[in-house]
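**Student:** Coordinates in protein-v2.cif, mmCIF, C-alpha atoms, are listed below.
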data_protein
loop_
_atom_site.group_PDB
_atom_site.id
_atom_site.type_symbol
_atom_site.label_atom_id
_atom_site.label_comp_id
_atom_site.auth_asym_id
_atom_site.auth_seq_id
_atom_site.Cartn_x
_atom_site.Cartn_y
_atom_site.Cartn_z
ATOM 1 C CA MET R 1 114.673 -59.324 12.910
ATOM 2 C CA ALA R 2 114.399 -57.423 16.145
ATOM 3 C CA VAL R 3 114.014 -53.651 16.237
ATOM 4 C CA ASN R 4 117.071 -51.570 17.145
ATOM 5 C CA GLN R 5 117.678 -50.843 20.808
ATOM 6 C CA THR R 6 117.341 -47.064 20.603
ATOM 7 C CA LEU R 7 113.892 -47.231 19.061
ATOM 8 C CA TYR R 8 112.895 -49.940 21.549
ATOM 9 C CA ARG R 9 113.962 -47.702 24.452
ATOM 10 C CA ASP R 10 112.176 -44.699 22.963
ATOM 11 C CA GLY R 11 109.016 -46.783 22.771
ATOM 12 C CA MET R 12 109.406 -48.081 26.325
ATOM 13 C CA ALA R 13 109.734 -44.479 27.568
ATOM 14 C CA ARG R 14 106.061 -44.146 26.536
ATOM 15 C CA LEU R 15 105.004 -47.082 28.739
ATOM 16 C CA GLY R 16 104.462 -45.566 32.185
ATOM 17 C CA ALA R 17 105.322 -47.744 35.168
ATOM 18 C CA ALA R 18 105.240 -47.568 38.940
ATOM 19 C CA VAL R 19 108.553 -46.954 40.689
ATOM 20 C CA ASN R 20 109.559 -49.486 43.336
ATOM 21 C CA ILE R 21 112.481 -50.292 45.595
ATOM 22 C CA ILE R 22 113.200 -54.015 45.464
ATOM 23 C CA THR R 23 115.069 -55.342 48.511
ATOM 24 C CA THR R 24 116.519 -58.511 49.952
ATOM 25 C CA THR R 25 118.645 -59.600 52.879
ATOM 26 C CA SER R 26 121.517 -61.999 52.287
ATOM 27 C CA GLU R 27 124.306 -63.240 54.535
ATOM 28 C CA GLU R 28 126.230 -60.150 53.474
ATOM 29 C CA GLY R 29 123.504 -57.772 54.562
ATOM 30 C CA GLN R 30 120.777 -55.731 52.956
ATOM 31 C CA HIS R 31 120.542 -55.114 49.227
ATOM 32 C CA GLY R 32 118.207 -52.935 47.228
ATOM 33 C CA LEU R 33 117.653 -51.205 43.927
ATOM 34 C CA THR R 34 115.060 -49.077 42.194
ATOM 35 C CA ALA R 35 113.072 -50.859 39.498
ATOM 36 C CA SER R 36 109.977 -50.283 37.444
ATOM 37 C CA ALA R 37 109.882 -53.697 35.746
ATOM 38 C CA VAL R 38 107.395 -55.249 38.164
ATOM 39 C CA CYS R 39 104.171 -56.869 37.041
ATOM 40 C CA SER R 40 101.265 -58.782 38.553
ATOM 41 C CA VAL R 41 101.043 -62.311 37.138
ATOM 42 C CA THR R 42 98.066 -63.947 38.871
ATOM 43 C CA ASP R 43 96.166 -63.912 42.142
ATOM 44 C CA THR R 44 95.883 -67.705 42.114
ATOM 45 C CA PRO R 45 98.287 -68.097 43.837
ATOM 46 C CA PRO R 46 99.238 -64.432 44.416
ATOM 47 C CA THR R 47 102.301 -64.076 42.198
ATOM 48 C CA LEU R 48 104.234 -61.152 40.756
ATOM 49 C CA LEU R 49 107.361 -60.912 38.664
ATOM 50 C CA VAL R 50 110.400 -58.646 38.747
ATOM 51 C CA CYS R 51 112.967 -58.232 35.929
ATOM 52 C CA ILE R 52 116.520 -57.534 37.115
ATOM 53 C CA ASN R 53 119.659 -57.001 35.065
ATOM 54 C CA ARG R 54 122.090 -59.820 35.789
ATOM 55 C CA SER R 55 124.974 -57.327 35.787
ATOM 56 C CA SER R 56 123.422 -55.518 38.783
ATOM 57 C CA ARG R 57 125.571 -56.021 41.880
ATOM 58 C CA SER R 58 122.442 -57.034 43.831
ATOM 59 C CA HIS R 59 121.248 -59.636 41.321
ATOM 60 C CA ASP R 60 122.961 -62.676 42.811
ATOM 61 C CA HIS R 61 121.855 -61.775 46.320
ATOM 62 C CA PHE R 62 118.222 -61.938 45.226
ATOM 63 C CA VAL R 63 118.718 -65.309 43.599
ATOM 64 C CA ILE R 64 120.700 -66.802 46.483
ATOM 65 C CA GLY R 65 118.447 -65.393 49.190
ATOM 66 C CA GLY R 66 115.332 -66.622 47.412
ATOM 67 C CA ALA R 67 113.216 -63.772 48.777
ATOM 68 C CA LEU R 68 112.526 -60.136 47.992
ATOM 69 C CA CYS R 69 110.235 -57.282 48.914
ATOM 70 C CA VAL R 70 108.656 -54.932 46.357
ATOM 71 C CA ASN R 71 108.126 -51.536 48.008
ATOM 72 C CA VAL R 72 105.775 -49.387 45.904
ATOM 73 C CA LEU R 73 106.725 -45.713 46.151
ATOM 74 C CA THR R 74 104.600 -42.594 46.600
ATOM 75 C CA PRO R 75 105.188 -39.149 45.065
ATOM 76 C CA ASP R 76 107.081 -38.193 48.270
ATOM 77 C CA HIS R 77 109.717 -40.834 47.545
ATOM 78 C CA GLN R 78 111.573 -39.286 44.614
ATOM 79 C CA ALA R 79 114.722 -38.699 46.647
ATOM 80 C CA ILE R 80 114.965 -42.245 47.996
ATOM 81 C CA SER R 81 114.152 -43.609 44.535
ATOM 82 C CA THR R 82 117.175 -41.754 43.181
ATOM 83 C CA VAL R 83 119.375 -43.020 46.032
ATOM 84 C CA PHE R 84 118.475 -46.640 45.323
ATOM 85 C CA ALA R 85 118.982 -46.119 41.589
ATOM 86 C CA GLY R 86 122.535 -44.894 42.266
ATOM 87 C CA ARG R 87 125.908 -46.341 43.102
ATOM 88 C CA ASP R 88 126.237 -45.757 46.848
ATOM 89 C CA GLU R 89 127.267 -48.595 49.102
ATOM 90 C CA MET R 90 124.263 -50.526 50.400
ATOM 91 C CA GLU R 91 124.792 -49.267 53.955
ATOM 92 C CA VAL R 92 124.560 -45.714 52.706
ATOM 93 C CA LYS R 93 121.449 -46.474 50.660
ATOM 94 C CA PHE R 94 119.664 -48.034 53.627
ATOM 95 C CA SER R 95 120.468 -45.019 55.802
ATOM 96 C CA SER R 96 117.708 -43.367 53.723
ATOM 97 C CA GLY R 97 114.225 -44.347 54.871
ATOM 98 C CA GLU R 98 113.027 -46.397 57.814
ATOM 99 C CA TRP R 99 113.088 -50.129 57.354
ATOM 100 C CA GLU R 100 111.500 -53.076 59.080
ATOM 101 C CA THR R 101 111.062 -56.753 58.183
ATOM 102 C CA LEU R 102 108.093 -59.068 57.858
ATOM 103 C CA GLU R 103 107.993 -62.728 56.972
ATOM 104 C CA THR R 104 110.975 -63.235 54.657
ATOM 105 C CA GLY R 105 113.454 -60.832 56.266
ATOM 106 C CA ALA R 106 113.677 -58.593 53.189
ATOM 107 C CA PRO R 107 113.658 -54.886 54.107
ATOM 108 C CA VAL R 108 110.207 -53.259 54.087
ATOM 109 C CA LEU R 109 110.076 -49.481 53.620
ATOM 110 C CA ARG R 110 107.909 -47.719 56.169
ATOM 111 C CA GLY R 111 105.678 -45.311 54.238
ATOM 112 C CA ALA R 112 105.556 -47.320 51.004
ATOM 113 C CA THR R 113 102.019 -47.234 49.651
ATOM 114 C CA ALA R 114 102.180 -51.042 49.406
ATOM 115 C CA SER R 115 104.856 -53.630 50.129
ATOM 116 C CA PHE R 116 104.855 -57.173 48.788
ATOM 117 C CA ASP R 117 107.016 -59.554 50.814
ATOM 118 C CA CYS R 118 107.755 -62.512 48.523
ATOM 119 C CA ARG R 119 109.494 -65.824 48.095
ATOM 120 C CA ILE R 120 111.104 -66.361 44.693
ATOM 121 C CA THR R 121 109.701 -69.568 43.239
ATOM 122 C CA GLN R 122 111.175 -69.613 39.712
ATOM 123 C CA SER R 123 113.536 -67.616 37.579
ATOM 124 C CA MET R 124 114.176 -67.362 33.855
ATOM 125 C CA GLN R 125 117.072 -65.850 31.982
ATOM 126 C CA ILE R 126 116.130 -63.705 28.989
ATOM 127 C CA GLY R 127 118.977 -61.864 27.278
ATOM 128 C CA THR R 128 120.728 -59.646 29.848
ATOM 129 C CA HIS R 129 118.033 -60.030 32.512
ATOM 130 C CA SER R 130 116.543 -62.493 34.974
ATOM 131 C CA VAL R 131 112.790 -62.663 35.392
ATOM 132 C CA LEU R 132 112.074 -63.605 39.001
ATOM 133 C CA PHE R 133 108.649 -65.108 39.713
ATOM 134 C CA CYS R 134 107.627 -64.439 43.294
ATOM 135 C CA GLU R 135 104.858 -65.853 45.465
ATOM 136 C CA VAL R 136 103.574 -63.099 47.708
ATOM 137 C CA GLN R 137 103.657 -64.040 51.401
ATOM 138 C CA THR R 138 102.511 -60.785 52.993
ATOM 139 C CA VAL R 139 101.192 -57.435 51.784
ATOM 140 C CA THR R 140 101.254 -54.267 53.854
ATOM 141 C CA LEU R 141 99.213 -51.274 52.796
ATOM 142 C CA GLY R 142 100.386 -47.778 53.716
ATOM 143 C CA GLU R 143 98.423 -44.582 53.422
ATOM 144 C CA ARG R 144 96.557 -43.825 50.201
ATOM 145 C CA ALA R 145 99.197 -41.381 49.127
ATOM 146 C CA GLY R 146 99.144 -41.553 45.337
ATOM 147 C CA GLY R 147 101.669 -43.306 43.148
ATOM 148 C CA LEU R 148 105.060 -42.400 41.704
ATOM 149 C CA ILE R 149 105.163 -43.161 37.979
ATOM 150 C CA TYR R 150 108.148 -43.120 35.629
ATOM 151 C CA PHE R 151 107.067 -41.961 32.172
ATOM 152 C CA ASP R 152 108.842 -40.137 29.345
ATOM 153 C CA ARG R 153 112.114 -40.444 31.324
ATOM 154 C CA ALA R 154 110.780 -38.395 34.265
ATOM 155 C CA TYR R 155 108.824 -38.824 37.494
ATOM 156 C CA HIS R 156 105.111 -38.176 37.520
ATOM 157 C CA GLU R 157 102.395 -38.408 40.144
ATOM 158 C CA VAL R 158 99.005 -40.114 40.028
ATOM 159 C CA GLY R 159 96.151 -40.119 42.547
ATOM 160 C CA GLY R 160 96.714 -39.121 46.170
ATOM 161 C CA MET P 1 101.849 -69.552 52.877
ATOM 162 C CA ALA P 2 100.648 -67.088 50.280
ATOM 163 C CA VAL P 3 98.714 -63.976 51.207
ATOM 164 C CA ASN P 4 94.948 -63.970 50.625
ATOM 165 C CA GLN P 5 93.703 -62.829 47.230
ATOM 166 C CA THR P 6 91.755 -59.805 48.426
ATOM 167 C CA LEU P 7 94.743 -58.274 50.175
ATOM 168 C CA TYR P 8 96.938 -59.095 47.165
ATOM 169 C CA ARG P 9 94.490 -57.276 44.859
ATOM 170 C CA ASP P 10 94.265 -54.311 47.234
ATOM 171 C CA GLY P 11 98.043 -54.072 47.147
ATOM 172 C CA MET P 12 98.187 -54.375 43.359
ATOM 173 C CA ALA P 13 95.676 -51.504 43.076
ATOM 174 C CA ARG P 14 98.494 -49.330 44.481
ATOM 175 C CA LEU P 15 100.902 -50.364 41.679
ATOM 176 C CA GLY P 16 100.137 -48.004 38.821
ATOM 177 C CA ALA P 17 100.483 -49.400 35.300
ATOM 178 C CA ALA P 18 100.112 -48.250 31.723
ATOM 179 C CA VAL P 19 96.948 -49.298 29.902
ATOM 180 C CA ASN P 20 97.425 -51.136 26.609
ATOM 181 C CA ILE P 21 95.366 -52.896 23.978
ATOM 182 C CA ILE P 22 97.009 -56.206 23.078
ATOM 183 C CA THR P 23 96.043 -57.529 19.650
ATOM 184 C CA THR P 24 96.643 -60.420 17.310
ATOM 185 C CA THR P 25 95.334 -61.774 14.031
ATOM 186 C CA SER P 26 94.529 -65.461 13.725
ATOM 187 C CA GLU P 27 92.840 -67.492 11.006
ATOM 188 C CA GLU P 28 89.552 -66.551 12.656
ATOM 189 C CA GLY P 29 90.225 -62.845 12.470
ATOM 190 C CA GLN P 30 91.332 -60.073 14.776
ATOM 191 C CA HIS P 31 91.477 -60.435 18.540
ATOM 192 C CA GLY P 32 92.227 -57.903 21.231
ATOM 193 C CA LEU P 33 91.911 -57.114 24.909
ATOM 194 C CA THR P 34 92.881 -54.384 27.340
ATOM 195 C CA ALA P 35 95.762 -55.272 29.658
ATOM 196 C CA SER P 36 98.081 -53.512 32.049
ATOM 197 C CA ALA P 37 100.327 -56.488 32.800
ATOM 198 C CA VAL P 38 103.026 -55.568 30.287
ATOM 199 C CA CYS P 39 106.658 -55.161 31.236
ATOM 200 C CA SER P 40 109.983 -54.505 29.535
ATOM 201 C CA VAL P 41 112.393 -57.426 29.999
ATOM 202 C CA THR P 42 115.594 -56.461 28.180
ATOM 203 C CA ASP P 43 116.806 -54.441 25.208
ATOM 204 C CA THR P 44 119.296 -57.177 24.263
ATOM 205 C CA PRO P 45 117.459 -58.450 22.315
ATOM 206 C CA PRO P 46 114.470 -56.087 22.613
ATOM 207 C CA THR P 47 111.987 -58.208 24.572
ATOM 208 C CA LEU P 48 108.839 -57.506 26.544
ATOM 209 C CA LEU P 49 106.375 -59.729 28.345
ATOM 210 C CA VAL P 50 102.593 -59.796 28.592
ATOM 211 C CA CYS P 51 100.539 -61.738 31.172
ATOM 212 C CA ILE P 52 97.185 -63.012 29.912
ATOM 213 C CA ASN P 53 94.539 -65.010 31.749
ATOM 214 C CA ARG P 54 94.210 -68.413 30.113
ATOM 215 C CA SER P 55 90.430 -68.234 30.513
ATOM 216 C CA SER P 56 90.332 -65.156 28.237
ATOM 217 C CA ARG P 57 88.643 -66.004 24.929
ATOM 218 C CA SER P 58 91.571 -64.414 23.073
ATOM 219 C CA HIS P 59 94.300 -66.333 24.917
ATOM 220 C CA ASP P 60 94.609 -69.272 22.552
ATOM 221 C CA HIS P 61 94.650 -67.016 19.510
ATOM 222 C CA PHE P 62 97.740 -65.268 20.820
ATOM 223 C CA VAL P 63 99.485 -68.556 21.468
ATOM 224 C CA ILE P 64 98.539 -70.129 18.123
ATOM 225 C CA GLY P 65 99.265 -66.994 16.095
ATOM 226 C CA GLY P 66 102.640 -66.542 17.763
ATOM 227 C CA ALA P 67 102.510 -62.763 17.368
ATOM 228 C CA LEU P 68 100.967 -59.790 19.122
ATOM 229 C CA CYS P 69 101.023 -56.021 19.172
ATOM 230 C CA VAL P 70 101.117 -53.958 22.384
ATOM 231 C CA ASN P 71 99.375 -50.637 21.718
ATOM 232 C CA VAL P 72 100.163 -48.143 24.507
ATOM 233 C CA LEU P 73 97.197 -45.848 25.144
ATOM 234 C CA THR P 74 97.006 -42.100 25.703
ATOM 235 C CA PRO P 75 94.621 -40.221 28.015
ATOM 236 C CA ASP P 76 92.263 -39.786 25.029
ATOM 237 C CA HIS P 77 91.795 -43.551 24.796
ATOM 238 C CA GLN P 78 89.638 -44.239 27.863
ATOM 239 C CA ALA P 79 86.594 -45.142 25.781
ATOM 240 C CA ILE P 80 88.387 -47.646 23.542
ATOM 241 C CA SER P 81 90.150 -49.081 26.585
ATOM 242 C CA THR P 82 86.753 -49.816 28.110
ATOM 243 C CA VAL P 83 85.491 -51.347 24.846
ATOM 244 C CA PHE P 84 88.435 -53.763 24.673
ATOM 245 C CA ALA P 85 88.049 -54.629 28.357
ATOM 246 C CA GLY P 86 84.428 -55.635 27.709
ATOM 247 C CA ARG P 87 82.509 -58.525 26.237
ATOM 248 C CA ASP P 88 81.577 -57.307 22.782
ATOM 249 C CA GLU P 89 82.237 -59.486 19.768
ATOM 250 C CA MET P 90 85.655 -58.855 18.275
ATOM 251 C CA GLU P 91 84.179 -57.301 15.141
ATOM 252 C CA VAL P 92 82.351 -54.769 17.291
ATOM 253 C CA LYS P 93 85.480 -54.029 19.322
ATOM 254 C CA PHE P 94 87.579 -53.382 16.225
ATOM 255 C CA SER P 95 84.944 -51.008 14.854
ATOM 256 C CA SER P 96 86.349 -48.637 17.499
ATOM 257 C CA GLY P 97 89.617 -47.025 16.455
ATOM 258 C CA GLU P 98 91.538 -47.095 13.191
ATOM 259 C CA TRP P 99 93.750 -50.112 12.654
ATOM 260 C CA GLU P 100 96.614 -50.957 10.365
ATOM 261 C CA THR P 101 99.241 -53.701 10.321
ATOM 262 C CA LEU P 102 103.020 -53.790 10.295
ATOM 263 C CA GLU P 103 105.351 -56.755 10.208
ATOM 264 C CA THR P 104 103.477 -59.511 12.043
ATOM 265 C CA GLY P 105 99.938 -58.730 10.902
ATOM 266 C CA ALA P 106 98.679 -57.961 14.413
ATOM 267 C CA PRO P 107 96.408 -54.893 14.482
ATOM 268 C CA VAL P 108 98.197 -51.615 15.245
ATOM 269 C CA LEU P 109 96.102 -48.783 16.681
ATOM 270 C CA ARG P 110 96.554 -45.477 14.882
ATOM 271 C CA GLY P 111 97.081 -42.825 17.547
ATOM 272 C CA ALA P 112 98.649 -45.105 20.146
ATOM 273 C CA THR P 113 101.563 -43.291 21.779
ATOM 274 C CA ALA P 114 103.693 -46.349 21.021
ATOM 275 C CA SER P 115 103.041 -49.726 19.418
ATOM 276 C CA PHE P 116 105.277 -52.777 19.790
ATOM 277 C CA ASP P 117 104.782 -55.343 17.040
ATOM 278 C CA CYS P 118 106.146 -58.628 18.417
ATOM 279 C CA ARG P 119 106.776 -62.290 17.820
ATOM 280 C CA ILE P 120 106.093 -64.536 20.814
ATOM 281 C CA THR P 121 109.258 -66.526 21.495
ATOM 282 C CA GLN P 122 108.416 -68.345 24.751
ATOM 283 C CA SER P 123 105.524 -68.782 27.120
ATOM 284 C CA MET P 124 105.196 -69.940 30.703
ATOM 285 C CA GLN P 125 102.136 -70.983 32.649
ATOM 286 C CA ILE P 126 101.883 -69.571 36.170
ATOM 287 C CA GLY P 127 98.655 -70.309 38.032
ATOM 288 C CA THR P 128 95.716 -69.001 35.992
ATOM 289 C CA HIS P 129 97.869 -66.999 33.562
ATOM 290 C CA SER P 130 100.305 -67.349 30.679
ATOM 291 C CA VAL P 131 103.367 -65.138 30.569
ATOM 292 C CA LEU P 132 104.180 -64.474 26.909
ATOM 293 C CA PHE P 133 107.751 -63.413 26.137
ATOM 294 C CA CYS P 134 107.856 -61.368 22.960
ATOM 295 C CA GLU P 135 110.711 -60.230 20.752
ATOM 296 C CA VAL P 136 109.914 -56.785 19.407
ATOM 297 C CA GLN P 137 110.073 -56.597 15.602
ATOM 298 C CA THR P 138 108.923 -53.035 15.029
ATOM 299 C CA VAL P 139 108.098 -49.998 17.173
ATOM 300 C CA THR P 140 105.974 -47.097 15.994
ATOM 301 C CA LEU P 141 105.918 -43.872 17.958
ATOM 302 C CA GLY P 142 102.840 -41.675 17.882
ATOM 303 C CA GLU P 143 102.522 -38.146 19.168
ATOM 304 C CA ARG P 144 103.859 -37.315 22.619
ATOM 305 C CA ALA P 145 100.380 -37.289 24.058
ATOM 306 C CA GLY P 146 100.862 -38.377 27.659
ATOM 307 C CA GLY P 147 100.081 -41.783 29.086
ATOM 308 C CA LEU P 148 96.944 -43.485 30.410
ATOM 309 C CA ILE P 149 97.640 -45.095 33.796
ATOM 310 C CA TYR P 150 95.436 -47.431 35.815
ATOM 311 C CA PHE P 151 95.928 -46.799 39.532
ATOM 312 C CA ASP P 152 93.663 -47.211 42.566
ATOM 313 C CA ARG P 153 91.059 -48.869 40.303
ATOM 314 C CA ALA P 154 90.651 -45.762 38.122
ATOM 315 C CA TYR P 155 92.162 -44.097 35.069
ATOM 316 C CA HIS P 156 94.762 -41.371 35.543
ATOM 317 C CA GLU P 157 96.835 -39.265 33.180
ATOM 318 C CA VAL P 158 100.578 -38.573 33.158
ATOM 319 C CA GLY P 159 102.634 -36.237 30.985
ATOM 320 C CA GLY P 160 101.269 -34.868 27.723
#
Take the structure in the file and write it out as structure tokens.
**Tutor:**
Amino acid sequence: MAVNQTLYRDGMARLGAAVNIITTTSEEGQHGLTASAVCSVTDTPPTLLVCINRSSRSHDHFVIGGALCVNVLTPDHQAISTVFAGRDEMEVKFSSGEWETLETGAPVLRGATASFDCRITQSMQIGTHSVLFCEVQTVTLGERAGGLIYFDRAYHEVGG
Amino acid sequence: MAVNQTLYRDGMARLGAAVNIITTTSEEGQHGLTASAVCSVTDTPPTLLVCINRSSRSHDHFVIGGALCVNVLTPDHQAISTVFAGRDEMEVKFSSGEWETLETGAPVLRGATASFDCRITQSMQIGTHSVLFCEVQTVTLGERAGGLIYFDRAYHEVGG
């Protein structure tokens, strides 16, 4: 039998993870959210995965658009991380930060320490979430500015 | 077309991740390796995933055994992390640390900040790697000792 959710969440709070803004562009415009459930899968071919709650209002736009960009945040990005974790309209969210596009058209955050512009190649439904497998088309590297880590339910800084 | 592997790896070096020792017990004994490709999927039901290179000598033992434990390391665990990332025989590896077992029989590291004892429910092959989806049976919480993060190809510490 599975463990109870509270204990599971308390355990997961001990697993530090990088904070990212995941974006896409659909016919209805730009979408984005803050997520830490991003993981490298393989470099042959370069593939990462992102887990997104299916109840998120952006979820279907990712799936329909078939592309996304993972923007890896630096310690200077706490404010924009909080904006993209919140409930503002997408236009309001994207008024934070400067955005450009690369190969797929998904918004790329200027100043991210790394951005992975990806095509979604497969998805899997597990419980409440979709796991999106993404082939990486382009990577941009920003300055070596350290990383923003979410751990013990708070932001932390590494490197830089 | 996918990005080249070197640039992909340089980008992934900017994505900080917790360091874990992933273990299992098979008929041939205990197996374990150090891995940072661990990610929460959903808490309904409590599920995480682990990506493991299929060329790893432990890979098949995880798949056959159908169970694993994710032991989340603290900043004090750099030495044992390096041992489990190396090429020693498994008996030599497990002579580092103190180990016990919980529900599945996979080795649980005493002193880990959290341990997730899991049954593997599904797996997927993506390029060189398997993605193992794991339902969490038991979680043990250790001391609040901070987290060990791998970022920019080096160990870092958060919290604690």
**Student:** Counting only C-alpha atoms, which of R:Val41, R:Val70, R:Ala112, R:Leu48 gets nearest to chain P?
**Tutor:**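 Counting only C-alpha atoms, the residue closest to chain P is R:Val41.
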**Student:** Expand the PyMOL selection byres ((chain P and resi 71-84) around 7) into the explicit residue set it covers here, and present it as a list in words.
**Tutor:**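 With the PyMOL selection byres ((chain P and resi 71-84) around 7) on this model, the match is Leu15 of chain R; Val19, Asn20, Ile21, Ile22, Gly32, Leu33, Thr34, Cys69, Val70, Ala85, Gly86, Lys93, Ser96, Val108, Leu109, Ala112, Thr113, Ala114, Ser115, Phe116, Ala145, Gly146, Gly147, Leu148 and Glu157 of chain P.
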**Student:** CA of Gly65 in chain R to CA of Ile120 in chain R: how many Å, to one decimal?
**Tutor:**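 About the pair CA of Gly65 in chain R and CA of Ile120 in chain R: they are 8.7 Å apart.
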**Student:** What does the distance from CA of Glu103 in chain R to CA of Glu135 in chain R come to in Å, to one decimal?
**Tutor:**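 Computed distance, CA of Glu103 in chain R to CA of Glu135 in chain R, equals 12.3 Å.
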**Student:** Which residues, named as in the file, does the PyMOL selection byres ((chain R) within 7 of (chain P)) pick out? Answer as a ChimeraX atom specification.
**Tutor:** /R:1-3,5,7-8,11,14-18,37-46,51,72,113-114,127-129,135-139,141,147,156,158
**Student:** Which is closest to Glu100 in chain R among R:Gln30, R:Ala35, R:Asp60, R:Leu132, if we use only C-alpha atoms?
**Tutor:**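 Looking at the shortest contact to Glu100 in chain R, the residue is R:Gln30.
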**Student:** What separation in Å, quoted to one decimal, exists between CA of Glu143 in chain R and CA of Gly111 in chain R?
**Tutor:** 7.3 Å
**Student:** Counting all atoms listed in the file, which residues have an atom no more than 12 Å from (123.3, -59.9, 54.3) in the file's coordinates? Please list them as number ranges by chain.
**Tutor:** R: 23-32, 58, 60-62, 64-65, 90-91, 105-107
